Amino acid sequence: MSNPLSHRLFRQRLSLAVICVTIGLGFRPRVVVGCEPAGGLTIASPEQVGLAPDSFGEIPSLIDQAIADKKMPGAVVLIGHAGVVVYYQAFGDRQIEPERLPMKPDTVFDLASLTKPIATATSVMRLVESGIVSLDDPVAKHLPEFGVRDKQDITIRQLMLHIGGLIPDNSLADYQQGADQARDNLLGLGLSYPPGSKFRYSDVGFQVLGELIAAKTGKSVAEYTAESIFRPLGMQETGYLPEDALRQRAATTQQREGRWMVGEVHDPRAYLTDGVAGHAGLFSTATDLAIYAQMMLGGGRYGDVTILSDESVALMTSPVEVPGGIRALGWDKRSGYSSNRGKSMSDAAFGHGGFTGTAIWIDPDLDLFVIFLSNRVHPDGKGNVNALAGQIGTLAADAVIAARAAEGEAGGRSGDAITAVRTGIDVLVDQQFAALAGRRVGLITNHTGIARDGTPTRVLMHRSPALKLVALLSPEHGIAGRLDQPRIDDSVDPDTGLKVFSLYGRDRKPSTESLDGIDTLVFDIQDIGCRFYTYISTMGEAMRVASDQGLRFVVLDRPNPINGVDIGGPLLDAGSESFVGYHTIPVRHGMTVGEIAGMLKAELALDLDLDVIGCDGWDRRDYWERTGLIWVNPSPNMRNLNQALLYPGVGLLETTNLSVGRGTDTPFELIGAPWLDGPQVAAELMRHDLSGVIFIPTRFTPDSSKFEGETCQGIQILITDRAEIDPIAVGITIAATLVKHHPQQWKTDAYNRLLSNRAAFDGVVGGRPAGELLETFDGPLESFRQRRQPFLLYR
């Protein structure tokens, strides 16, 4: 979560005298010493936590414009970072009709749907942690009256994720005969869709969870949260049904029954259930919400108070793939409801919005929280603030990212830091295979399809009662990754007893037989980030078949081992597609298989139900060693990370009469041939002074593959600086040098097979200097960088 120093500073309230911000009547900051606003949270200047002084300078103009555009009458913004509040300001008015009243920092707001995560979901997680309920319990186990009309199997987890099969809202007519009858009507509702098959944001689901809390605790959600969450945290201004003193400070919303709603719940269903419900009804202030946010950043602890365990917070906020987006338990992460999310927040961020104009986002990776509170529905319900809240969140995240970059922290981590990355299968297991519940699965995989603990994906799926694993399909090199031959036959997997259909045999796409009884294809194979590595071609062919056959297609994503930022080489010419060049992307594409799947679906216009279950914790700037994952040779001759990095350049050469080291201990770290003048070629390559690499003349004798048993003069390619090396420059420069020094001996007829770019091929064989050739790649690469942007899943 956030760093220990941050928590210590927060708990100690920065005992040193600090410069901090308070809010005057004009709601512009002024500087004083030792300021502590309500809730005891110290407000420090941005500079005190390493941020630029003008980090939030754009916020007033953004909000002033929104007020001028009548998107809201006013707002309060609070931003916390590194254990302190770094921005806290009120703007505009909390009421403009019937009379104008100024917004103040301590204004009380109707939080609307922020009730869902802060009150209801937090309460449910406490019940889970204490063993009173389990997330995968059927709701009807605890609320028997709910288990009618086909709802008996809906789980607590499904309601927390809005995939429980319930309608968004039931009719207001269901609430006209009092709270007790309204409860009976709620629990007696029927099923709207098969649970787990859709994401439909549902107030009803959280109303049911509120009833669950009452049934298991003997207290309403209002009473339980007050006693177990808000009072222990010192959140004295948070709760349902605010008292008169708080109502007098509340932001006005709309009119109902001839009166303005001030400190009265805006949601009509919560209002008709006496102001208390699991989906709406909570009121709070910015400083109280800051306490809650810091508690979540602290792994469930705030000072000496523990609300949830660190494990429960991690479970609650972990990403869960749902149809059409990513959610967490009670929280949003990336979905159609995320327009109020800062665009540059990390994948770890979680948050939520409220109908009345409220939003909170918490980012553990950036040690950041952003609270935006407005009454955008006042006076006429026509305001709109989600985009504004997202802009403010982006400014806050950008400020932290810029500060860390200035400190030389790549991605906010030290250079040797290891992140415990979880791949798609790890995330799927954590979700108890929810994305595949009830599906009949064909798994495209090999030996690289393993969970973090080394258990094969096929074994985990075979054991799971949530799905039926029907068949296995394997790519080039076979299910065990040991075969290096032009055709591979079907086989039987010894671990599961299932038939393995080869996708590298007579056909390279799933056959009718292999798909018998299957409704979902799942892809879980480790790629290495190079266009002509055939695993992405296998995926592409399978996606086409899935599109044609109406099958769902799920990708269990994995990191790009040579990072997801750097790209290089010529783009494949349109019309030159093949199994070793499946799509018009550069040789080094800088994407994961999940991201490529999204691109293929869009650019090939596939009518496909595609679901990518992303990695958790991967930063696209990271190479493999930063993931903490075990290296498994993805193919027989791809034996280490250096070879994977060199492969996009050196591998281009292996369709010619040149050995690239196959049959030696260091494939792709060597090139050579019996006819090659090693010292001369090495000297020429060194004169090019390529960054991050040196070339050493050597001799080797392959024991298999090209030039088997023959002594080759060659070049050892030694990486000296991985941050500087351009493997495409290495490969192109070698090719240009061979043309110069061995124009007769080096046979280039098949060189374009993997290069797949006629202009680049003609330039090489025509003797064009390597530097000029590389420059011709720049424009298309920049266009590709923009083209791939919509499909990127990781920061």
# chains A, B, ... in the order shown; residues from 1 in each chain; ligands from 1
$ select_by_dssp --residues "region 58-120 of chain A" --states "strand (DSSP E)" --output "number ranges by chain"
A: 74-81, 84-95, 101-102, 109-110
$ residues_around --residues "Gly275 (chain A)" --least-positions-apart "4" --cutoff "8 Å" --atoms "only C-alpha atoms" --output "ChimeraX atom specification"
/A:240-241,264-265,270-271,281
$ write_last_selection --atoms "N, CA, C and O atoms" --output "compact mmCIF listing (two decimals), in the first residue's frame"
# COMPACT_ATOMS: atom_id res chain seq x y z
N TYR A 240 -25.99 8.51 8.49
CA TYR A 240 -27.33 8.70 7.94
C TYR A 240 -28.09 9.68 8.83
O TYR A 240 -27.76 9.89 10.00
N LEU A 241 -29.12 10.28 8.27
CA LEU A 241 -30.06 11.11 9.02
C LEU A 241 -29.32 12.13 9.90
O LEU A 241 -29.35 12.08 11.12
N GLU A 264 -31.44 16.24 3.84
CA GLU A 264 -32.46 15.20 3.65
C GLU A 264 -32.06 14.40 2.41
O GLU A 264 -31.72 14.98 1.38
N VAL A 265 -32.09 13.08 2.51
CA VAL A 265 -31.59 12.24 1.42
C VAL A 265 -32.32 12.53 0.12
O VAL A 265 -33.56 12.63 0.07
N ALA A 270 -34.41 5.65 -0.94
CA ALA A 270 -33.88 5.77 0.43
C ALA A 270 -34.80 6.64 1.28
O ALA A 270 -35.03 6.36 2.46
N TYR A 271 -35.32 7.70 0.69
CA TYR A 271 -36.24 8.58 1.41
C TYR A 271 -37.48 7.82 1.87
O TYR A 271 -37.95 7.99 3.01
N GLY A 281 -28.02 7.39 1.12
CA GLY A 281 -28.47 7.91 2.41
C GLY A 281 -27.37 8.45 3.29
O GLY A 281 -27.64 9.12 4.28
$ atom_distance --atom1 "CA of Pro232 (chain A)" --atom2 "CA of Val124 (chain A)"
17.0 Å
$ residues_around --residues "region 686-698 of chain A" --least-positions-apart "3" --cutoff "7 Å" --atoms "only C-alpha atoms" --output "compact mmCIF listing (two decimals) with N, CA and C atoms, in the first residue's frame"
# COMPACT_ATOMS: atom_id res chain seq x y z
N GLY A 678 34.88 -13.24 -39.09
CA GLY A 678 34.47 -12.74 -37.79
C GLY A 678 35.18 -11.47 -37.35
N PRO A 679 36.51 -11.42 -37.35
CA PRO A 679 37.21 -10.21 -36.91
C PRO A 679 36.86 -8.98 -37.74
N ALA A 682 33.18 -7.94 -36.93
CA ALA A 682 33.11 -7.39 -35.57
C ALA A 682 33.70 -5.99 -35.52
N ALA A 683 34.82 -5.79 -36.21
CA ALA A 683 35.45 -4.47 -36.21
C ALA A 683 34.54 -3.43 -36.87
N GLN A 713 32.92 -19.13 -38.10
CA GLN A 713 33.41 -17.87 -37.56
C GLN A 713 32.20 -17.01 -37.25
N GLY A 714 32.26 -16.28 -36.19
CA GLY A 714 31.07 -15.54 -35.83
C GLY A 714 31.32 -14.36 -34.93
N ILE A 715 30.22 -13.83 -34.43
CA ILE A 715 30.22 -12.65 -33.57
C ILE A 715 29.43 -12.96 -32.32
N GLN A 716 30.01 -12.70 -31.17
CA GLN A 716 29.25 -12.73 -29.92
C GLN A 716 28.68 -11.33 -29.68
N ILE A 717 27.38 -11.27 -29.40
CA ILE A 717 26.70 -9.99 -29.18
C ILE A 717 26.50 -9.85 -27.67
N LEU A 718 27.11 -8.87 -27.09
CA LEU A 718 27.10 -8.71 -25.64
C LEU A 718 26.39 -7.40 -25.27
N ILE A 719 25.30 -7.51 -24.53
CA ILE A 719 24.57 -6.32 -24.07
C ILE A 719 25.33 -5.70 -22.91
N THR A 720 25.64 -4.42 -23.04
CA THR A 720 26.34 -3.70 -21.96
C THR A 720 25.44 -2.72 -21.22
N ASP A 721 24.36 -2.29 -21.86
CA ASP A 721 23.43 -1.36 -21.22
C ASP A 721 22.04 -1.60 -21.82
N ARG A 722 21.21 -2.29 -21.09
CA ARG A 722 19.90 -2.63 -21.61
C ARG A 722 19.01 -1.42 -21.82
N GLU A 724 19.92 1.29 -23.10
CA GLU A 724 20.34 2.00 -24.31
C GLU A 724 20.24 1.18 -25.58
N ILE A 725 20.30 -0.13 -25.46
CA ILE A 725 20.36 -0.96 -26.67
C ILE A 725 19.06 -0.88 -27.47
